[in-house]
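Asker: What follows is data-v3.txt, compact mmCIF, C-alpha atoms and all ligand atoms.
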```txt
# COMPACT_ATOMS: atom_id res chain seq x y z
CA MET A 1 -21.55 25.65 11.81
CA THR A 2 -19.20 23.18 10.11
CA PRO A 3 -18.35 20.29 12.44
CA ASP A 4 -14.69 19.91 13.42
CA ILE A 5 -12.60 16.89 14.33
CA ASP A 6 -11.30 16.17 17.83
CA ALA A 7 -7.57 16.75 17.24
CA ARG A 8 -6.47 15.28 20.58
CA ARG A 9 -8.44 12.08 20.00
CA LEU A 10 -6.85 11.68 16.57
CA LEU A 11 -3.28 12.30 17.75
CA ASP A 12 -3.70 9.99 20.76
CA ARG A 13 -4.97 7.19 18.51
CA ILE A 14 -2.02 7.63 16.13
CA GLU A 15 0.37 7.24 19.07
CA ALA A 16 -1.56 4.24 20.44
CA PHE A 17 -1.45 2.42 17.08
CA ALA A 18 2.25 3.24 16.73
CA ARG A 19 2.85 0.86 19.63
CA ILE A 20 1.24 -2.09 17.83
CA GLY A 21 4.07 -3.93 16.10
CA GLY A 22 6.57 -1.36 17.38
CA ASN A 23 10.25 -2.42 17.31
CA GLY A 24 12.82 -1.18 19.83
CA ASP A 25 14.20 1.50 17.47
CA GLY A 26 10.94 3.32 16.75
CA GLY A 27 10.18 1.32 13.62
CA ILE A 28 6.98 -0.66 13.14
CA THR A 29 6.60 -4.14 11.70
CA ARG A 30 2.92 -4.86 11.12
CA GLU A 31 3.04 -7.01 7.99
CA GLY A 32 -0.31 -7.83 6.40
CA PHE A 33 -1.99 -10.82 8.11
CA GLY A 34 0.83 -11.10 10.64
CA ALA A 35 0.18 -11.10 14.40
CA ALA A 36 0.66 -7.33 14.88
CA ASP A 37 -1.66 -6.61 11.93
CA LEU A 38 -4.38 -8.75 13.56
CA GLU A 39 -3.88 -6.80 16.79
CA ALA A 40 -4.20 -3.45 14.97
CA ARG A 41 -7.37 -4.54 13.17
CA ALA A 42 -8.94 -5.72 16.39
CA ARG A 43 -8.04 -2.41 18.04
CA LEU A 44 -9.57 -0.45 15.13
CA SER A 45 -12.83 -2.41 15.40
CA LYS A 46 -12.90 -1.81 19.14
CA GLU A 47 -12.27 1.94 18.77
CA ALA A 48 -15.04 2.10 16.16
CA GLN A 49 -17.51 0.26 18.41
CA ILE A 50 -16.62 2.54 21.35
CA GLY A 51 -17.37 5.42 19.00
CA GLY A 52 -20.83 4.04 18.29
CA LEU A 53 -19.96 2.74 14.82
CA ASP A 54 -20.46 -0.69 13.24
CA SER A 55 -17.33 -2.60 12.28
CA THR A 56 -17.32 -5.67 10.03
CA VAL A 57 -14.65 -7.67 8.17
CA ASP A 58 -15.22 -8.83 4.59
CA ALA A 59 -13.96 -12.06 3.01
CA ALA A 60 -10.75 -10.31 1.89
CA GLY A 61 -10.02 -9.22 5.45
CA ASN A 62 -10.88 -5.55 4.80
CA VAL A 63 -12.25 -3.81 7.90
CA LEU A 64 -15.37 -1.80 6.99
CA ILE A 65 -16.74 0.78 9.43
CA ARG A 66 -20.23 2.20 8.96
CA ARG A 67 -22.73 4.37 10.77
CA PRO A 68 -25.20 2.18 12.72
CA GLU A 69 -28.01 3.05 10.35
CA GLY A 70 -25.69 3.09 7.35
CA GLY A 71 -24.45 0.30 5.16
CA ARG A 72 -23.40 -0.55 1.61
CA GLY A 73 -25.84 1.66 -0.22
CA ALA A 74 -28.31 1.42 2.66
CA GLU A 75 -31.74 2.68 1.48
CA GLY A 76 -30.21 2.47 -2.04
CA ARG A 77 -27.80 5.33 -1.36
CA ARG A 78 -24.41 5.19 -2.99
CA VAL A 79 -21.38 5.06 -0.75
CA LEU A 80 -18.66 7.62 -0.20
CA LEU A 81 -15.75 5.33 0.65
CA PHE A 82 -12.62 6.62 2.38
CA GLY A 83 -9.69 5.07 4.23
CA SER A 84 -6.27 3.51 3.68
CA HIS A 85 -4.38 0.52 5.21
CA LEU A 86 -3.08 -0.51 8.66
CA ASP A 87 -0.39 -2.93 7.54
CA THR A 88 3.21 -1.74 7.17
CA VAL A 89 6.47 -2.76 5.54
CA ALA A 90 9.10 -4.41 7.79
CA ASN A 91 10.54 -1.79 10.18
CA GLY A 92 8.42 0.94 8.62
CA GLY A 93 6.88 4.12 9.97
CA ARG A 94 3.83 4.83 12.13
CA LEU A 95 1.95 6.98 9.58
CA ASP A 96 2.04 5.20 6.18
CA GLY A 97 -1.53 3.89 5.92
CA ALA A 98 -2.49 4.09 9.59
CA TYR A 99 -2.81 7.89 9.43
CA GLY A 100 -5.43 7.70 6.68
CA VAL A 101 -7.39 5.01 8.54
CA LEU A 102 -7.33 6.80 11.90
CA ALA A 103 -8.13 10.20 10.38
CA GLY A 104 -10.99 8.43 8.57
CA LEU A 105 -12.21 7.03 11.90
CA GLU A 106 -12.08 10.55 13.36
CA VAL A 107 -14.12 11.85 10.40
CA MET A 108 -16.71 9.06 10.79
CA GLN A 109 -17.07 9.75 14.49
CA THR A 110 -17.35 13.51 13.91
CA ILE A 111 -20.07 12.92 11.31
CA VAL A 112 -22.07 10.75 13.74
CA GLU A 113 -21.54 13.12 16.71
CA SER A 114 -22.52 16.18 14.69
CA GLY A 115 -25.50 14.53 12.99
CA ALA A 116 -24.24 15.99 9.70
CA GLU A 117 -26.46 15.17 6.72
CA LEU A 118 -24.61 13.69 3.72
CA THR A 119 -25.53 13.05 0.10
CA TYR A 120 -23.80 9.67 0.13
CA GLU A 121 -23.46 6.99 2.83
CA PRO A 122 -19.96 7.36 4.39
CA VAL A 123 -18.03 4.09 4.83
CA LEU A 124 -14.49 3.84 6.23
CA VAL A 125 -12.24 1.03 4.98
CA ALA A 126 -8.94 -0.32 6.27
CA PHE A 127 -7.74 -2.32 3.25
CA SER A 128 -5.89 -5.55 4.03
CA ASN A 129 -2.31 -6.24 2.97
CA GLU A 130 -1.66 -3.09 0.93
CA GLU A 131 2.11 -3.48 1.23
CA GLY A 132 2.39 -7.19 0.45
CA ALA A 133 5.23 -7.45 2.99
CA LEU A 134 4.51 -10.98 4.25
CA PHE A 135 2.17 -12.34 1.59
CA PRO A 136 3.53 -10.88 -1.66
CA GLN A 137 0.12 -9.97 -3.09
CA PRO A 138 0.15 -6.19 -2.49
CA PHE A 139 -3.16 -4.28 -2.75
CA TRP A 140 -4.83 -7.57 -1.73
CA GLY A 141 -7.90 -6.07 -0.04
CA SER A 142 -8.49 -3.24 -2.52
CA LYS A 143 -8.10 -5.62 -5.47
CA VAL A 144 -10.81 -7.87 -4.06
CA LEU A 145 -13.14 -4.98 -3.20
CA ALA A 146 -12.65 -3.51 -6.69
CA GLY A 147 -13.34 -6.90 -8.30
CA ALA A 148 -9.80 -7.41 -9.66
CA LEU A 149 -9.80 -11.05 -8.59
CA GLU A 150 -8.23 -12.15 -11.88
CA THR A 151 -5.02 -10.32 -10.91
CA LEU A 152 -4.67 -12.34 -7.70
CA PRO A 153 -3.27 -15.90 -7.41
CA GLU A 154 -5.82 -18.69 -6.85
CA ASP A 155 -3.68 -20.09 -4.07
CA PRO A 156 -1.88 -17.11 -2.48
CA ARG A 157 1.15 -18.06 -0.39
CA ASP A 158 3.94 -16.27 1.45
CA ARG A 159 7.54 -16.58 0.29
CA SER A 160 8.09 -19.72 2.35
CA GLY A 161 5.07 -21.39 0.70
CA ARG A 162 2.63 -20.93 3.59
CA SER A 163 -0.96 -20.58 2.38
CA LEU A 164 -2.88 -17.38 3.08
CA ARG A 165 -6.01 -19.42 3.84
CA HIS A 166 -5.61 -19.72 7.62
CA PRO A 167 -4.06 -16.29 8.37
CA LEU A 168 -6.89 -14.72 6.34
CA ALA A 169 -9.46 -16.73 8.31
CA LEU A 170 -7.84 -15.53 11.57
CA ALA A 171 -8.38 -11.96 10.31
CA GLY A 172 -12.06 -12.73 9.72
CA GLY A 173 -11.79 -13.33 5.98
CA ASP A 174 -12.52 -16.37 3.83
CA LEU A 175 -10.40 -17.32 0.82
CA ALA A 176 -13.25 -19.40 -0.57
CA ALA A 177 -15.69 -16.48 -0.50
CA LEU A 178 -13.72 -13.57 -1.98
CA SER A 179 -16.48 -12.83 -4.50
CA THR A 180 -18.76 -11.80 -1.61
CA ALA A 181 -16.35 -8.92 -0.86
CA VAL A 182 -16.55 -7.41 -4.36
CA TRP A 183 -18.39 -4.09 -4.57
CA PRO A 184 -20.41 -3.39 -7.74
CA ALA A 185 -18.98 -0.35 -9.53
CA GLU A 186 -22.18 1.66 -9.31
CA SER A 187 -22.31 1.34 -5.50
CA VAL A 188 -19.31 3.64 -4.84
CA ALA A 189 -19.80 7.33 -5.65
CA ALA A 190 -16.17 8.21 -4.81
CA TYR A 191 -13.12 7.03 -2.87
CA LEU A 192 -10.92 9.41 -0.87
CA GLU A 193 -7.54 8.54 0.66
CA LEU A 194 -5.59 10.75 3.07
CA HIS A 195 -1.92 9.77 3.23
CA VAL A 196 1.50 11.12 4.16
CA GLU A 197 3.37 12.23 1.01
CA GLN A 198 6.35 9.93 1.66
CA GLY A 199 8.45 12.36 -0.38
CA PRO A 200 10.05 15.84 -0.05
CA VAL A 201 7.86 18.02 -2.30
CA LEU A 202 5.38 19.57 0.18
CA GLU A 203 8.03 20.20 2.82
CA ARG A 204 10.35 21.85 0.27
CA GLY A 205 7.50 23.99 -1.04
CA GLY A 206 6.26 24.95 2.44
CA ARG A 207 2.81 23.56 1.66
CA THR A 208 0.53 21.79 4.16
CA ILE A 209 -1.80 19.99 1.75
CA GLY A 210 -1.03 18.02 -1.40
CA VAL A 211 -3.80 17.57 -3.98
CA VAL A 212 -2.68 14.41 -5.77
CA ASP A 213 -3.21 14.45 -9.54
CA SER A 214 -1.82 11.02 -10.41
CA ILE A 215 -0.48 7.83 -8.81
CA THR A 216 2.54 6.04 -10.24
CA GLY A 217 2.32 2.79 -12.14
CA ARG A 218 4.24 -0.15 -10.72
CA THR A 219 5.48 -3.60 -11.70
CA GLN A 220 6.66 -6.01 -9.00
CA LEU A 221 8.52 -9.21 -9.89
CA THR A 222 10.29 -12.00 -8.00
CA VAL A 223 13.26 -13.54 -9.79
CA GLU A 224 14.93 -16.84 -8.82
CA VAL A 225 18.39 -17.91 -9.98
CA ARG A 226 19.09 -21.62 -9.49
CA GLY A 227 22.74 -22.80 -9.53
CA SER A 228 24.61 -25.60 -7.77
CA ALA A 229 25.54 -25.51 -4.11
CA GLY A 230 29.05 -26.59 -3.25
CA HIS A 231 31.96 -26.34 -0.83
CA ALA A 232 33.46 -22.83 -0.81
CA GLY A 233 36.94 -24.22 -0.21
CA THR A 234 37.20 -27.21 -2.48
CA THR A 235 35.14 -26.28 -5.58
CA PRO A 236 37.44 -24.83 -8.29
CA MET A 237 36.18 -21.52 -9.75
CA GLU A 238 35.87 -22.97 -13.27
CA LEU A 239 33.53 -25.73 -11.99
CA ARG A 240 31.14 -23.45 -10.15
CA ARG A 241 27.52 -22.55 -11.06
CA ASP A 242 27.24 -19.77 -8.49
CA PRO A 243 23.80 -18.02 -8.52
CA MET A 244 25.10 -15.27 -6.26
CA THR A 245 27.30 -13.77 -8.96
CA VAL A 246 24.41 -13.85 -11.44
CA ALA A 247 22.13 -12.21 -8.84
CA ALA A 248 24.71 -9.47 -8.35
CA ARG A 249 24.66 -8.77 -12.10
CA ILE A 250 20.85 -8.70 -12.00
CA VAL A 251 20.88 -6.07 -9.21
CA LEU A 252 23.13 -3.86 -11.34
CA ALA A 253 21.01 -4.48 -14.46
CA VAL A 254 17.93 -3.35 -12.53
CA GLU A 255 19.70 -0.17 -11.41
CA ASP A 256 20.66 0.48 -15.05
CA LEU A 257 17.04 0.31 -16.23
CA ALA A 258 16.29 3.58 -14.42
CA GLY A 259 19.90 4.81 -14.37
CA GLU A 260 21.95 4.54 -17.57
CA GLN A 261 19.06 3.42 -19.76
CA ARG A 262 16.46 5.77 -18.26
CA LEU A 263 13.69 3.35 -19.27
CA CYS A 264 11.63 3.94 -16.12
CA ARG A 265 11.57 6.47 -13.27
CA VAL A 266 12.92 4.23 -10.52
CA ALA A 267 13.91 0.57 -10.17
CA THR A 268 14.69 -1.22 -6.91
CA VAL A 269 15.85 -4.60 -5.60
CA GLY A 270 14.71 -4.51 -1.97
CA TRP A 271 14.56 -8.15 -0.91
CA VAL A 272 17.08 -10.97 -1.41
CA GLU A 273 16.96 -14.53 -0.10
CA VAL A 274 19.97 -16.85 -0.46
CA GLN A 275 19.70 -20.60 0.06
CA PRO A 276 21.30 -22.14 2.07
CA ASN A 277 22.78 -18.74 3.13
CA SER A 278 25.93 -20.31 4.56
CA PRO A 279 29.22 -18.36 4.55
CA ASN A 280 31.33 -21.32 3.38
CA THR A 281 28.84 -22.81 0.91
CA ILE A 282 28.39 -21.75 -2.71
CA ALA A 283 24.72 -20.78 -2.89
CA ASP A 284 22.17 -23.18 -4.32
CA SER A 285 19.65 -20.48 -5.27
CA VAL A 286 19.07 -16.75 -4.90
CA ARG A 287 15.66 -15.07 -5.00
CA LEU A 288 15.20 -11.30 -5.29
CA THR A 289 12.36 -8.83 -5.81
CA ILE A 290 12.30 -6.14 -8.50
CA ASP A 291 10.12 -3.03 -8.16
CA LEU A 292 9.76 -0.81 -11.27
CA ARG A 293 7.82 2.47 -11.28
CA ASP A 294 6.76 5.00 -13.84
CA SER A 295 3.74 7.15 -14.61
CA VAL A 296 3.78 6.12 -18.29
CA PRO A 297 2.52 2.56 -18.95
CA SER A 298 4.73 2.06 -22.05
CA ASN A 299 7.84 2.99 -20.04
CA LEU A 300 7.00 0.24 -17.53
CA GLU A 301 6.44 -2.25 -20.34
CA ASN A 302 9.71 -1.31 -22.09
CA ALA A 303 11.65 -1.51 -18.83
CA GLU A 304 10.21 -4.95 -18.07
CA GLN A 305 10.97 -6.15 -21.60
CA ALA A 306 14.56 -4.88 -21.36
CA LEU A 307 14.93 -6.62 -18.02
CA ARG A 308 13.62 -9.91 -19.41
CA THR A 309 16.13 -9.68 -22.28
CA SER A 310 19.00 -9.06 -19.82
CA LEU A 311 17.93 -11.98 -17.63
CA ALA A 312 17.72 -14.30 -20.64
CA SER A 313 21.25 -13.41 -21.74
CA LEU A 314 22.65 -13.63 -18.17
CA GLY A 315 21.05 -17.06 -17.75
CA LYS A 316 22.41 -18.30 -21.08
CA GLN A 317 25.92 -17.03 -20.34
CA ALA A 318 25.94 -18.64 -16.89
CA GLU A 319 24.08 -21.77 -18.06
CA MET A 320 21.63 -21.28 -15.21
CA HIS A 321 17.86 -21.18 -15.05
CA ILE A 322 16.38 -17.79 -14.14
CA ASP A 323 12.70 -17.89 -13.18
CA ILE A 324 10.61 -14.67 -13.35
CA ARG A 325 7.27 -14.34 -11.50
CA VAL A 326 5.02 -11.26 -11.75
CA ASP A 327 3.81 -10.47 -8.22
CA ALA A 328 1.76 -7.40 -9.10
CA ARG A 329 1.16 -4.84 -11.80
CA ALA A 330 -0.65 -1.60 -11.02
CA ALA A 331 -1.43 0.87 -13.79
CA PRO A 332 -0.76 4.57 -13.26
CA VAL A 333 -4.02 6.42 -12.65
CA ALA A 334 -5.26 10.00 -12.62
CA THR A 335 -7.40 11.29 -9.78
CA ASP A 336 -10.82 12.77 -10.46
CA PRO A 337 -11.00 16.53 -11.23
CA VAL A 338 -14.23 17.00 -9.25
CA LEU A 339 -12.60 15.44 -6.19
CA ARG A 340 -9.43 17.50 -6.70
CA ALA A 341 -11.57 20.64 -6.79
CA ALA A 342 -13.40 19.59 -3.59
CA ILE A 343 -10.09 18.94 -1.79
CA THR A 344 -8.72 22.28 -3.00
CA ALA A 345 -11.85 24.15 -1.86
CA SER A 346 -11.59 22.49 1.58
CA ALA A 347 -7.92 23.49 1.92
CA ASP A 348 -8.75 27.06 0.84
CA GLU A 349 -11.62 27.27 3.36
CA LEU A 350 -9.15 26.31 6.08
CA GLY A 351 -6.53 28.75 4.79
CA LEU A 352 -4.06 25.90 4.19
CA PRO A 353 -1.34 26.34 1.54
CA HIS A 354 -1.66 23.54 -1.00
CA GLN A 355 -0.27 22.34 -4.28
CA THR A 356 -0.99 19.65 -6.85
CA LEU A 357 1.54 16.84 -7.16
CA PRO A 358 1.92 13.23 -8.39
CA SER A 359 2.39 10.29 -6.03
CA GLY A 360 5.61 8.26 -6.46
CA ALA A 361 4.21 5.75 -3.99
CA GLY A 362 1.48 3.28 -4.89
CA HIS A 363 -1.81 3.37 -3.04
CA ASP A 364 -5.04 1.39 -2.72
CA ALA A 365 -6.70 4.37 -4.42
CA GLN A 366 -5.17 3.35 -7.75
CA ILE A 367 -6.91 -0.02 -7.49
CA VAL A 368 -10.26 1.41 -6.37
CA ALA A 369 -10.03 3.66 -9.47
CA ARG A 370 -11.36 0.58 -11.37
CA ILE A 371 -14.81 1.12 -9.86
CA ALA A 372 -14.98 4.74 -8.69
CA PRO A 373 -13.55 8.23 -9.12
CA ILE A 374 -10.66 8.71 -6.66
CA GLY A 375 -9.16 11.61 -4.76
CA MET A 376 -5.99 11.68 -2.64
CA ILE A 377 -4.91 14.21 -0.01
CA PHE A 378 -1.27 14.40 1.12
CA VAL A 379 0.33 15.99 4.14
CA PRO A 380 4.10 16.68 4.33
CA SER A 381 6.62 14.02 5.37
CA ILE A 382 9.43 15.46 7.49
CA GLY A 383 12.68 15.01 5.54
CA GLY A 384 10.62 13.37 2.79
CA VAL A 385 11.27 9.92 4.24
CA SER A 386 8.98 6.93 4.63
CA HIS A 387 9.14 3.12 5.01
CA VAL A 388 11.70 3.86 7.78
CA PRO A 389 11.38 4.41 11.57
CA GLU A 390 12.14 8.13 11.06
CA GLU A 391 8.88 8.61 9.06
CA ASP A 392 7.17 11.60 10.66
CA THR A 393 4.76 14.48 10.07
CA ALA A 394 4.13 17.55 12.24
CA ALA A 395 1.08 17.14 14.50
CA THR A 396 -0.41 20.36 13.12
CA ASP A 397 -0.16 18.92 9.60
CA LEU A 398 -1.75 15.61 10.70
CA VAL A 399 -4.69 17.57 12.13
CA ALA A 400 -4.91 19.82 9.05
CA GLY A 401 -5.09 16.80 6.74
CA ALA A 402 -7.91 15.27 8.75
CA ARG A 403 -9.81 18.58 8.65
CA VAL A 404 -9.46 18.69 4.86
CA LEU A 405 -10.71 15.09 4.64
CA LEU A 406 -13.73 15.92 6.82
CA ARG A 407 -14.68 19.01 4.83
CA THR A 408 -14.23 17.18 1.54
CA VAL A 409 -16.51 14.36 2.73
CA LEU A 410 -19.10 16.89 3.90
CA ARG A 411 -19.08 18.87 0.67
CA LEU A 412 -19.44 15.92 -1.73
O1 LIG A 501 5.30 0.79 -2.14
C1 LIG A 501 4.49 1.69 -2.16
O2 LIG A 501 4.54 2.54 -2.99
C2 LIG A 501 3.41 1.76 -1.11
O3 LIG A 501 3.97 2.24 0.06
N1 LIG A 501 2.79 0.49 -0.90
MN MN A 502 3.90 1.98 2.06
MN MN A 503 0.64 3.48 2.10
```
Reformat the file's structure so that it appears as structure tokens.
Ligand code: HGY
Ligand code: MN
Ligand code: MN
Answerer:
Amino acid sequence: MTPDIDARRLLDRIEAFARIGGNGDGGITREGFGAADLEARARLSKEAQIGGLDSTVDAAGNVLIRRPEGGRGAEGRRVLLFGSHLDTVANGGRLDGAYGVLAGLEVMQTIVESGAELTYEPVLVAFSNEEGALFPQPFWGSKVLAGALETLPEDPRDRSGRSLRHPLALAGGDLAALSTAVWPAESVAAYLELHVEQGPVLERGGRTIGVVDSITGRTQLTVEVRGSAGHAGTTPMELRRDPMTVAARIVLAVEDLAGEQRLCRVATVGWVEVQPNSPNTIADSVRLTIDLRDSVPSNLENAEQALRTSLASLGKQAEMHIDIRVDARAAPVATDPVLRAAITASADELGLPHQTLPSGAGHDAQIVARIAPIGMIFVPSIGGVSHVPEEDTAATDLVAGARVLLRTVLRL
């Protein structure tokens, strides 16, 4: 008899975690390595221990949950890794990331309770700082686990210059020992991630399960325009070096990359910081983030090149310095056909309508793809929205997704 998850336990945990970092309006702010994130990680470890599982934190701050007798390749067995992330964007939803972690916990507990025999050693992971909301090094934990240390800054800091060292230590990590958190490629047989779709495709198609075939590529930059602050009332227009007007042109140039020029699929400026941010002072500097996405690597490269050319000409015209910093680049990846077939077979066994689709969102899975074959399972997002308080998925779909994850883990 195939074991089954405890649906009530899963749904109750999702609601309990939704209160950690909850804002008044239903949104959640649980930015990686912030106070609410620490609270959520501690709660996850506690829930795991109550469920008879071992919970440890690696040097990158990833929470790893194992069976008591299990372990990284315990008795030389390779690991079947699955999970997602607990951190959120500012004022985000309660399911992005947390759903995959809590469904993974439910699967781990069901495996232990049922005594199911597995080919590989199951290990659940809650990756740290996937979003990069506070410390702009997204995919932090998965990059360390996958050995992509060269893509991370030596001295990671948040946007105000605060070092990650202490907040990481508070989470149980150690910036000086990141190499101890790297998993050798041959130790991971496969990585599975269950996630809400964050888009409209499954809902529009009336499907319960998404079998992800690829994950979008992504380039994230921070641009700083430095001008000269001055009095808004007494500084003549012709004497100004106002970075705000240049920043406004940059925002429109970014929109054009994906709009008029169609160089990449989407392009977004989501964060702006003005110094000194005073209504009657001409700004001294303006910083903004740029997020470019496409499933074709050359499109991302061309879009970034076109952007750099625009910034150079804007800076020259305005006689201002424009600084460009690459925060993260993530290549588009394909999921593994064997894992897609296993997910599909699990959905069919459960009589769940499913379809194959690409992911427009980035995920830790695309980083883990460096060291292991990956598979991703989606469930529908109501209204196709995410990264907002309204992010939601029907309870029946949340349970269905966890059942597909369990059966896929059991069949591999
Ligand atoms: O931004 C993303 O695509 C993901 O939610 N981190
Ligand atoms: Mn997200
Ligand atoms: Mn996510």
Asker: Measuring atom to atom with all atoms listed in the file, identify which of A:Asp242, A:Glu130, A:Asp6, A:Glu106 is nearest to Leu44 of chain A.
Answerer: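 Smallest separation from Leu44 of chain A among the options: A:Glu106.
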Asker: Using only C-alpha atoms, determine which residues lie at most 7 Å from segment 76-82 of chain A, disregarding the query and same-chain residues fewer than 3 positions distant; provide the list as a VMD selection string.
Answerer: chain A and resid 72 to 73 104 120 to 125 187 to 193
Asker: What residues of the protein or nucleic acid chains come within 9 Å of ligand LIG 501 (chain A) when you use only C-alpha atoms and all ligand atoms? Reply as a compact mmCIF listing (two decimals) with C-alpha atoms, in the coordinates of the input.
Answerer:
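Listing of out-v3.txt after writing:
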```txt
# COMPACT_ATOMS: atom_id res chain seq x y z
CA THR A 88 3.21 -1.74 7.17
CA VAL A 89 6.47 -2.76 5.54
CA ASP A 96 2.04 5.20 6.18
CA GLY A 97 -1.53 3.89 5.92
CA GLU A 130 -1.66 -3.09 0.93
CA GLU A 131 2.11 -3.48 1.23
CA GLY A 132 2.39 -7.19 0.45
CA PRO A 138 0.15 -6.19 -2.49
CA PHE A 139 -3.16 -4.28 -2.75
CA GLN A 198 6.35 9.93 1.66
CA THR A 216 2.54 6.04 -10.24
CA ARG A 218 4.24 -0.15 -10.72
CA ASP A 291 10.12 -3.03 -8.16
CA ARG A 293 7.82 2.47 -11.28
CA SER A 359 2.39 10.29 -6.03
CA GLY A 360 5.61 8.26 -6.46
CA ALA A 361 4.21 5.75 -3.99
CA GLY A 362 1.48 3.28 -4.89
CA HIS A 363 -1.81 3.37 -3.04
CA ASP A 364 -5.04 1.39 -2.72
CA SER A 386 8.98 6.93 4.63
CA HIS A 387 9.14 3.12 5.01
```
Asker: I need the residue nearest ligand MN 503 (chain A) from this list: A:Asn129, A:Asn62, A:Ser310, A:Ser114. Use only C-alpha atoms and all ligand atoms for the distance.
Answerer: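 Residue with the minimum atom-to-atom distance to ligand MN 503 (chain A): A:Asn129.
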Asker: Which of these, A:Ser313, A:Ser45, A:Thr29, A:Ser228, has the shortest distance to Ala283 of chain A once you count only C-alpha atoms?
Answerer: A:Ser228
Asker: Which one of A:Leu405, A:Ala365, A:Val286, A:Leu314 sits closest to ligand MN 503 (chain A) if you count only C-alpha atoms and all ligand atoms?
Answerer: A:Ala365
Asker: Of the candidates A:Gly100, A:Pro389, A:Gly315, A:Pro380, which shows the shortest atom-to-atom distance to Val211 of chain A, using only C-alpha atoms?
Answerer: A:Pro380
Asker: So how many Å separate atom CA of Arg403 of chain A and atom CA of Gly52 of chain A, to one decimal?
Answerer: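 Computing it gives 20.6 Å between the two atoms.
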Asker: Quick one: of A:Asp284, A:Glu117, A:Glu31, A:Glu203, who's nearest to Arg411 of chain A, counting only C-alpha atoms?
Answerer: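 Distance minimum relative to Arg411 of chain A lands on A:Glu117.
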Asker: Could you jot down the atom CA of Asp87 of chain A to atom CA of Gly61 of chain A separation for me, Å, one decimal place?
Answerer: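 It comes out at 11.7 Å.
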Asker: Rounded to one decimal place, report the atom CA of Leu339 of chain A-atom CA of Ile374 of chain A distance in Å.
Answerer: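 Spanning atom CA of Leu339 of chain A to atom CA of Ile374 of chain A is a straight-line distance of 7.0 Å.
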Asker: So which residues touch Gly383 of chain A within 10 Å, counting all atoms listed in the file, skipping near sequence neighbours fewer than 6 positions away, as JSON, numbers by chain?
Answerer: {"A": [198, 199, 200, 201, 203, 204, 390, 391, 392, 393]}
Asker: Let me have the centre and edge lengths of the axis-aligned box enclosing all listed atoms of segment 245-263 of chain A with 5 Å padding on every side, in Å to one decimal, as lines of an AutoDock Vina configuration file.
Answerer:
```
center_x = 20.5
center_y = -4.0
center_z = -14.1
size_x = 23.6
size_y = 29.6
size_z = 21.4
```
Asker: Can you pull out every residue within 9 Å of Val338 of chain A, counting all atoms listed in the file, but drop anything in the same chain fewer than 3 positions away, and send it as a list in words?
Answerer: Thr335, Ala341, Ala342, Ile343, Pro373 and Gly375 of chain A
